[in-house]
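K.L.:
Before I ask anything, here is the structure I am working with.
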Amino acid sequence: MINEFDTIAAIATAVSNAGIGIIRISGGESMRILGEVFEPYNKKEVSLLESHRVYYGNIKDGETVIDECIVIIMKAPHSYTREDVVEIDCHGGVSVVYRVLNLVLKHGARPAEPGEFTKRAFLNGRIDLSQAEAVMDLIESRNELARRNSVAQLKGGLSDKIKKIREEVLYQVAYIESALDDPEHISLDGYGDTLYPRVEEWADETRKMLSSYDDGRYIAEGIRTCIVGKPNAGKSSFLNALLGEERAIVTEIAGTTRDTLEESVTIDGITLNIIDTAGIRDTEDTVEKIGVEKARREIENADIILYVADTSVPLSSEDFDILDQIRGRKKMFLLNKSDVSQAESNAGNTGEAGQSKAQRSGQSGEDQPKFRGNFEQAAACIREYAEEDEPVIAISAKYHQGIDDFITELKKMMFHGKIDANQEMYITNARHKKALDKALSSFQCVKESIENGMPEDFFTIDLMNAYEKLGLITGEAVEEDLVNEIFSRFCTGK
Amino acid sequence: MKVVEEYYDVIVVGAGHAGCEAALAAARLGCETIIFTVSMNSVALMPCNPNIGGSSKGHLVKEIDALGGEMGKNIDKTYIQSKMLNKSKGPAVHSLRAQADKDAYSIAMRYTLQNTDHLTLRQGEVTELLVEEGSIRGVKTFSGAIYHAKTVVLATGTYLKARCLYGDVVEYTGPNGLQAANHLSQSLIDNGVELYRFKTGTPARIDKRSVDFSVMEEQFGDEKIVPFSFTNREEDIRREQISCWLTYTNEETHKIIRDNLDRSPLYSGMIEGTGPRYCPSIEDKVVRFADKNRHQLFIEPEGEYTNEMYVGGMSSSLPEDVQYAMYRTVRGLENVKIIRNAYAIEYDCINPNQLRLSLEFKNISGLFSGGQFNGSSGYEEAAAQGLIAGINAARKCQGKAPVILDRSQAYIGVLIDDLVTKENHEPYRMMTSRAEYRLLLRQDNADMRLTPLGYEIGLIQKDRYDKFCKKRQQIEEEIDRVRGVHLGAGKQVQEVLAKNGSTPLKSAATLAELIKRPELDYESLAELDPDRRPLDASVIEQVNINLKYEGYISRQMKQVEQFKKMENKLIPDDIVYEDVHNLRKEAVQKLNDIHPHSIGQASRISGVSPSDISVLLVYIEQMRRKRI
């Protein structure tokens with residue numbers, strides 16, 4: 001057989017000069033290999049060591065001691081993979097960890113492929129599919145919230161919820177069928193009325209899980225954010241302001257699927273993947289056309305659009321062109337250069353103190369643009385344009401003002417104000433979403449059947465559909481090729 | 001000593017419902033066939049209920065007929081009442097049931113056997129299987145005669161080491177006091193066949209003249225008769241029907257039963273066999289449904305000319321005196337005379353997991369089996385298996401691949417797959433709930449599903465097939481036509497809709513769209529469809545169902561598509577499950593026992609989990625890639 005279930009080994013911790021490095025070995029040969037490389041301090045035969053105990057000793061290559069370490073033995077089936085698993089905790093330091101790993105490989109283990117430990121855990125029935133996927137999400141998770149959500153899924157939060165619905169659905173199917181088989185003892189009189197509220201409940205639950213999909217995706221992958229605005233509206237300086245926040249964690253991301261992505265920034269547990277567009281306008285220039293096309297596409301794909309307006313000058317036709325482009329999309333309006341324009345407005349509206357302060361700062365800094373009394377005008381114009389639920393926020397990219405307001409509004413918009421992975425479960429996986437979508441539409445079909453007064457035996461067709469689709473998430477139902485599809489998604493780490 | 005020796009292609013052991021279908025199929029497919037019966041008078045005997053069909057069993061009979069079997073034709077000849085059950089439910093669970101004249105049924109079937117070319121009906125008890133090098137060679141009878149054959153079909157029903165019990169009385173006979181077959185079990189064991197011991201039971205037969213029908217509810221047959229056989233039209237088989245009667249047990253009945261439970265061989269432990277949960281004795285019902293204060297009883301005639309009546313719903317193995325006491329508590333049976341006692345019967349049967357889906361034994365080539373011998377219960381289940389076993393026994397002689405029906409094609413497929421694949425510790429009864437795709441497996445479309453296959457096999461003759469093709473074409477054309485009939489929201493349309501209690505049209509619609517409305521159908525809209533040409537009722541029925549339930553049908557077809565994907569993932573014959581690491585031990589054992597032919601079948605084995613299936617999927621994919 002192919003190397004599917006031979007003994008594998010990998011470094012389980014991040015490869016860095018950290019305090020400890022762990023090498024994990026899994027498979028039938030784990031104990032033999034350990035016996036050949038490990039000499040416990042108590043001088044016992046390795047084969048006699050007990051499972052789920054910690055042993056202190058030396059890792060030796062022949063007579064050479066490579067490192068002193070702690071070894072944990074977890075014998076099958078009481079391990080993550082349900083195979084014999086050995087973990088060697090050695091001193092950190094890239095070179096030591098690699099030397100130990102190489103030694104283990106030399107003695108017959110094969111380097112684990114990405115995700116292989118988890119794959120085995122799944123194949124051995126240790127974890128179900130949704131848990132396996134949660135492990136993958138965990139590996140991929142980009143920020144703390146996503147990590148916590150992954151942990152919740154790993155514990156079976158999603159599985160539990162779905163298993164409960166499935167159980168209830170199956171009970172009703174069984175009831176209908178036993179009534180069909182034994183009409184003398186089991187009656188279906190008025191059954192549709194009894195079933196209807198149940199189906200509504202299941203549909204609601206399913207809908208809830210579905211609506212958490214977007215939230216979940218925002219958490220796991222970050223929010224695709226597209227900044228638009230006419231040239232010099234302050235898009236870049238807003239971005240820089242975000243990146244410059246002390247609490248921001250900035251990551252440069254490269255990758256085939258995200259080659260347009262420029263920056264990823266995490267603030268207060270929310271990750272924004274920010275695309276700064278070149279700006280949109282009608283043009284005859286071929287090169288620029290490509291850029292504009294690309295920008296249009298980005299707008300199409302974005303989860304949210306941040307429209308940055310320069311309020312220091314009146315809105316122009318360029319602004320209105322852009323506003324037209326982003327009509328109907330989820331968006332926020334950022335009124336930039338409020339420091340400048342508001343100062344002047346304030347000067348006009350609230351008296352001298354404001355004016356003098358603004359004027360002072362304007363006069364003292366050479367880089368300050370000339371201010372004109374446009375803020376209220378621009379703001380009014382934008383507010384008129386904005387839908388009721390679309391926030392309009394005054395910011396000053398330059399002075400880092402309004403960033404807090406922006407974050408608060410963003411949370412409101414994207415997470416209904418609360419993001420708390422401890423409370424809520426988020427669906428983060430496209431496969432789960434698809435299955436839930438189908439289950440939901442099956443529940444709708446059942447409701448329709450009841451509404452149309454169809455005979456009860458028709459209900460079971462769609463109930464079983466929902467049951468099967470939900471089972472795809474928990475791995476209690478298997479569809480052809482699903483397994484391979486899942487495995488192809490496993491990535492480095494576990 | 002000189003012994004008789006004869007040579008056949010196919011030997012069928014037992015002439016019950018399974019044996020008859022098997023023998024007829026084999027002979028009609030051109031094989032020289034001999035069928036053994038312990039008594040000439042017990043051919044196609046109905047030792048229990050006097051009816052054919054019923055919920056989901058009616059489907060089986062229709063399928064048997066669509067494939068070219070005999071049961072449907074035989075009951076159409078000999079029925080005394082016919083009824084379509086579950087008419088208030090959807091078309092998937094409509095089930096045809098006919099009361100039979102038992103004697104007439106048996107005689108008609110015997111005549112058919114005796115007048116079929118290539119077929120010999122022989123009285124005699126088969127006592128031994130002749131097996132050489134894992135292949136069947138023939139059988140030996142009690143008299144010592146040897147019959148050689150290429151294939152053998154075992155259909156011994158409930159006769160193997162049978163004993164009948166009520167109270168502490170034990171009779172070592174087969175059903176109805178017929179001679180049991182006491183020798184073959186040992187020969188099976190000697191050939192490595194694993195046996196189960198099952199039990200079933202039957203109620204008392206009573207004298208019609210001692211029953212007061214005036215206090216019972218009369219159960220009439222349907223006015224409009226649906227024949228079981230697709231070859232019959234209603235007018236061919238219409239007849240005067242005989243009623244059945246409905247009455248109930250009561251608290252007094254239940255008290256007598258409860259007080260005497262300790263005298264039942266079931267509860268005293270005298271019966272070792274496992275009984276059918278789905279066909280419970282009255283003792284079981286009283287215990288299991290303790291909160292019910294009455295149970296239905298159907299008093300059914302055993303035939304047109306006999307005074308014997310069957311007390312449906314009250315099978316029992318209580319002692320004779322208790323039987324008298326409890327039957328006489330029932331309204332209308334106060335003075336009842338019992339003609340035959342109720343009894344439980346225990347018999348040897350096999351663990352059907354030893355069979356392939358073709359119903360051939362995995363470890364004895366050429367040996368097939370069907371019916372209660374395979375651990376099922378019911379005449380229809382038996383006949384269905386007998387037909388498939390007979391077809392495949394003949395095909396084996398002719399060097400052809402076996403015919404296997406899958407769960408999406410027929411109830412027969414569900415039945416055999418369940419028997420062969422799943423764990424079964426009680427007599428298996430067909431039930432609607434066992435079929436996943438029942439909206440497609442309706443009794444009304446059995447011919448659409450199976451007659452082309454029957455023709456291909458050779459059991460459906462050309463003229464019948466041509467008629468079938470014409471019907472199919474008419475259905476398709478009419479559905480197309482009706483989809484193209486556009487109706488405006490005019491006065492006549494609205495009037496017809498109003499007359500049928502349907503809401504008026506807001507805008508134009510097609511006739512097909514209107515037919516979908518629950519309160520309307522093809523026939524009630526005749527006025528709006530002047531171009532309609534006269535069509536047979538069976539054609540109209542299909543047009544109606546296909547249009548009315550189109551959405552559901554197409555969703556179910558999608559389910560079938562998914563199902564087929566897993567069925568079509570075949571497991572290589574040479575797979576060694578021990579080599580598939582990470583399969584759980586229990587799964588390895590089960591997979592070795594069953595040797596499923598596809599991933600789909602494997603997934604239905606109890607003890608094989610979804611993660612085992614995932615492991616297998618991965619392993620087989622790797623095997624495949626390795627071979628390329």
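Identifiers for the structure tokens are assigned positionally: chains receive A, B, ... in sequence, residues are indexed from 1 per chain, and ligands are indexed from 1 in the order shown.
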Would you list the contacts of Leu419 (chain B) as number ranges by chain, taking every protein, DNA or RNA residue within 7 Å and counting only C-alpha atoms, but skipping same-chain residues closer than 4 positions in sequence?

P.N.:
B: 352-353, 415, 424

K.L.:
Could you give me, as an mmCIF file with C-alpha atoms, in the first residue's frame, each residue of region 276-360 of chain B that DSSP assigns to helix (DSSP H, G or I) when run on this structure's backbone?

P.N.:
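Final output, out_19.cif:
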data_model
loop_
_atom_site.group_PDB
_atom_site.id
_atom_site.type_symbol
_atom_site.label_atom_id
_atom_site.label_comp_id
_atom_site.auth_asym_id
_atom_site.auth_seq_id
_atom_site.Cartn_x
_atom_site.Cartn_y
_atom_site.Cartn_z
ATOM 1 C CA ILE B 282 -52.045 -10.764 20.204
ATOM 2 C CA GLU B 283 -50.010 -11.538 23.333
ATOM 3 C CA ASP B 284 -47.254 -9.268 22.084
ATOM 4 C CA LYS B 285 -49.685 -6.495 21.208
ATOM 5 C CA VAL B 286 -51.344 -6.587 24.611
ATOM 6 C CA VAL B 287 -47.969 -6.397 26.320
ATOM 7 C CA ARG B 288 -46.417 -3.853 23.998
ATOM 8 C CA GLU B 320 -56.381 -24.229 23.365
ATOM 9 C CA ASP B 321 -58.684 -23.427 26.316
ATOM 10 C CA VAL B 322 -57.356 -19.881 26.534
ATOM 11 C CA GLN B 323 -57.875 -19.475 22.801
ATOM 12 C CA TYR B 324 -61.541 -20.408 23.157
ATOM 13 C CA ALA B 325 -61.936 -18.076 26.113
ATOM 14 C CA MET B 326 -60.268 -15.063 24.501
ATOM 15 C CA TYR B 327 -61.864 -15.376 21.053
ATOM 16 C CA PRO B 352 -28.994 -14.460 4.484
ATOM 17 C CA ASN B 353 -25.725 -12.565 4.831
ATOM 18 C CA GLN B 354 -24.235 -15.734 3.339
#

K.L.:
List every residue of region 459-528 of chain B that DSSP, applied to the backbone, labels as strand (DSSP E), and write the result as an NGL selection string.

P.N.:
:B and (486-487 or 509-510)

K.L.:
Please, which residues of chain B lie no more than 8 Å from chain A when the count uses only C-alpha atoms, and can they be set out as a PyMOL selection string?

P.N.:
chain B and resi 55+88-90+92-93+296+431-433+518+552+555-556+559+562+565-566+581-584+610-615+617-618+622-623

K.L.:
Skip region 231-247 of chain A itself and residues of its chain fewer than 4 positions away, then list as a PDB file with C-alpha atoms, in the first residue's frame all residues within 8 Å of it, counting only C-alpha atoms.

P.N.:
ATOM      1  CA  ILE A 227     -11.040  51.871  -0.208  1.00  0.00           C
ATOM      2  CA  VAL A 265      -4.388  44.928   9.500  1.00  0.00           C
ATOM      3  CA  ILE A 267      -7.432  45.955  15.149  1.00  0.00           C
ATOM      4  CA  ASP A 268      -9.424  44.899  18.204  1.00  0.00           C
ATOM      5  CA  ASP A 276      -6.453  50.436  -2.087  1.00  0.00           C
ATOM      6  CA  GLY A 279      -9.511  55.149  -8.261  1.00  0.00           C
ATOM      7  CA  VAL A 308     -13.189  58.418   1.376  1.00  0.00           C
ATOM      8  CA  ALA A 309     -14.301  61.939   0.556  1.00  0.00           C
ATOM      9  CA  ASP A 310     -12.130  64.978   0.645  1.00  0.00           C
ATOM     10  CA  ASN A 336     -11.704  62.995   5.503  1.00  0.00           C
ATOM     11  CA  LYS A 337      -9.809  66.118   6.174  1.00  0.00           C
ATOM     12  CA  SER A 396      -8.846  63.032  10.016  1.00  0.00           C
ATOM     13  CA  ALA A 397      -6.405  60.649   8.549  1.00  0.00           C
ATOM     14  CA  LYS A 398      -3.675  63.029   9.268  1.00  0.00           C
ATOM     15  CA  HIS A 400      -5.649  59.937  13.550  1.00  0.00           C
ATOM     16  CA  ILE A 403     -10.431  55.942  13.923  1.00  0.00           C
TER      17      ILE A 403
END

K.L.:
Interatomic distance between CA of Ser51 (chain A) and CA of Tyr98 (chain A)?

P.N.:
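According to the coordinates, CA of Ser51 (chain A) and CA of Tyr98 (chain A) are separated by 25.4 Å.
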
K.L.:
Would you mind listing what lies within 12 Å of Ile575 (chain B) as a VMD selection string, with only C-alpha atoms counted and same-chain residues fewer than 3 positions away left out?

P.N.:
(chain A and resid 1) or (chain B and resid 570 to 572 578 to 580 588 591 to 592 595 to 598 616 619 to 620 623 to 624)

K.L.:
What's around Leu405 (chain B) at 9 Å? Count only C-alpha atoms, leave out sequence neighbours fewer than 4 positions away in its own chain, and write the answer as a list in words.

P.N.:
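What passes the distance filter is Leu357, Ser358, Gln409, Ala410, Tyr411, Ile412, Gly413, Val414, Ile416 and Asp417 of chain B.
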
K.L.:
Quick one: pull the distance between CA of Lys83 (chain B) and CA of Lys62 (chain B), Å, one decimal.

P.N.:
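Taking CA of Lys83 (chain B) and CA of Lys62 (chain B), their separation equals 14.2 Å.
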
K.L.:
List the neighbours of Leu261 (chain B) out to 10 Å using only C-alpha atoms; skip same-chain residues closer than 2 positions along the sequence, and give me the result as a PyMOL selection string.

P.N.:
chain B and resi 167+255-259+263-268+283-284+287+317-319+322

K.L.:
Would you mind exporting N, CA and C atoms of the selected residues as a PDB file, in the first residue's frame?

P.N.:
ATOM      1  N   GLY B 167     -49.690 -23.353  23.789  1.00  0.00           N
ATOM      2  CA  GLY B 167     -49.649 -23.813  25.180  1.00  0.00           C
ATOM      3  C   GLY B 167     -48.477 -24.748  25.355  1.00  0.00           C
ATOM      4  N   LYS B 255     -57.504  -9.048  29.466  1.00  0.00           N
ATOM      5  CA  LYS B 255     -57.325  -9.591  30.815  1.00  0.00           C
ATOM      6  C   LYS B 255     -57.049 -11.094  30.749  1.00  0.00           C
ATOM      7  N   ILE B 256     -57.821 -11.771  29.937  1.00  0.00           N
ATOM      8  CA  ILE B 256     -57.605 -13.220  29.785  1.00  0.00           C
ATOM      9  C   ILE B 256     -56.191 -13.498  29.285  1.00  0.00           C
ATOM     10  N   ILE B 257     -55.769 -12.706  28.328  1.00  0.00           N
ATOM     11  CA  ILE B 257     -54.423 -12.900  27.773  1.00  0.00           C
ATOM     12  C   ILE B 257     -53.362 -12.651  28.837  1.00  0.00           C
ATOM     13  N   ARG B 258     -53.515 -11.539  29.549  1.00  0.00           N
ATOM     14  CA  ARG B 258     -52.508 -11.210  30.573  1.00  0.00           C
ATOM     15  C   ARG B 258     -52.465 -12.280  31.661  1.00  0.00           C
ATOM     16  N   ASP B 259     -53.649 -12.747  32.050  1.00  0.00           N
ATOM     17  CA  ASP B 259     -53.711 -13.753  33.113  1.00  0.00           C
ATOM     18  C   ASP B 259     -53.062 -15.069  32.703  1.00  0.00           C
ATOM     19  N   ARG B 263     -48.627 -19.196  30.419  1.00  0.00           N
ATOM     20  CA  ARG B 263     -48.884 -20.469  29.743  1.00  0.00           C
ATOM     21  C   ARG B 263     -48.542 -20.401  28.259  1.00  0.00           C
ATOM     22  N   SER B 264     -48.074 -19.246  27.822  1.00  0.00           N
ATOM     23  CA  SER B 264     -47.659 -19.127  26.420  1.00  0.00           C
ATOM     24  C   SER B 264     -46.237 -19.663  26.268  1.00  0.00           C
ATOM     25  N   PRO B 265     -46.004 -20.504  25.273  1.00  0.00           N
ATOM     26  CA  PRO B 265     -44.649 -21.047  25.094  1.00  0.00           C
ATOM     27  C   PRO B 265     -43.633 -19.942  24.803  1.00  0.00           C
ATOM     28  N   LEU B 266     -44.114 -18.798  24.314  1.00  0.00           N
ATOM     29  CA  LEU B 266     -43.223 -17.665  24.045  1.00  0.00           C
ATOM     30  C   LEU B 266     -42.658 -17.116  25.341  1.00  0.00           C
ATOM     31  N   TYR B 267     -43.561 -16.987  26.332  1.00  0.00           N
ATOM     32  CA  TYR B 267     -43.135 -16.360  27.574  1.00  0.00           C
ATOM     33  C   TYR B 267     -42.529 -17.368  28.536  1.00  0.00           C
ATOM     34  N   SER B 268     -42.867 -18.651  28.379  1.00  0.00           N
ATOM     35  CA  SER B 268     -42.296 -19.672  29.250  1.00  0.00           C
ATOM     36  C   SER B 268     -40.898 -20.066  28.784  1.00  0.00           C
ATOM     37  N   GLU B 283     -50.697 -11.647  22.041  1.00  0.00           N
ATOM     38  CA  GLU B 283     -50.010 -11.538  23.333  1.00  0.00           C
ATOM     39  C   GLU B 283     -49.019 -10.372  23.302  1.00  0.00           C
ATOM     40  N   ASP B 284     -48.241 -10.338  22.232  1.00  0.00           N
ATOM     41  CA  ASP B 284     -47.254  -9.268  22.084  1.00  0.00           C
ATOM     42  C   ASP B 284     -47.924  -7.899  22.079  1.00  0.00           C
ATOM     43  N   VAL B 287     -49.084  -6.781  25.462  1.00  0.00           N
ATOM     44  CA  VAL B 287     -47.969  -6.397  26.320  1.00  0.00           C
ATOM     45  C   VAL B 287     -47.356  -5.082  25.844  1.00  0.00           C
ATOM     46  N   SER B 317     -50.117 -18.173  20.497  1.00  0.00           N
ATOM     47  CA  SER B 317     -49.654 -19.524  20.803  1.00  0.00           C
ATOM     48  C   SER B 317     -50.100 -19.915  22.205  1.00  0.00           C
ATOM     49  N   LEU B 318     -51.173 -19.277  22.648  1.00  0.00           N
ATOM     50  CA  LEU B 318     -51.714 -19.616  23.970  1.00  0.00           C
ATOM     51  C   LEU B 318     -52.407 -20.982  23.891  1.00  0.00           C
ATOM     52  N   PRO B 319     -52.614 -21.634  25.026  1.00  0.00           N
ATOM     53  CA  PRO B 319     -53.232 -22.972  25.008  1.00  0.00           C
ATOM     54  C   PRO B 319     -54.653 -22.943  24.442  1.00  0.00           C
ATOM     55  N   VAL B 322     -57.455 -21.339  26.482  1.00  0.00           N
ATOM     56  CA  VAL B 322     -57.356 -19.881  26.534  1.00  0.00           C
ATOM     57  C   VAL B 322     -57.808 -19.276  25.208  1.00  0.00           C
TER      58      VAL B 322
END
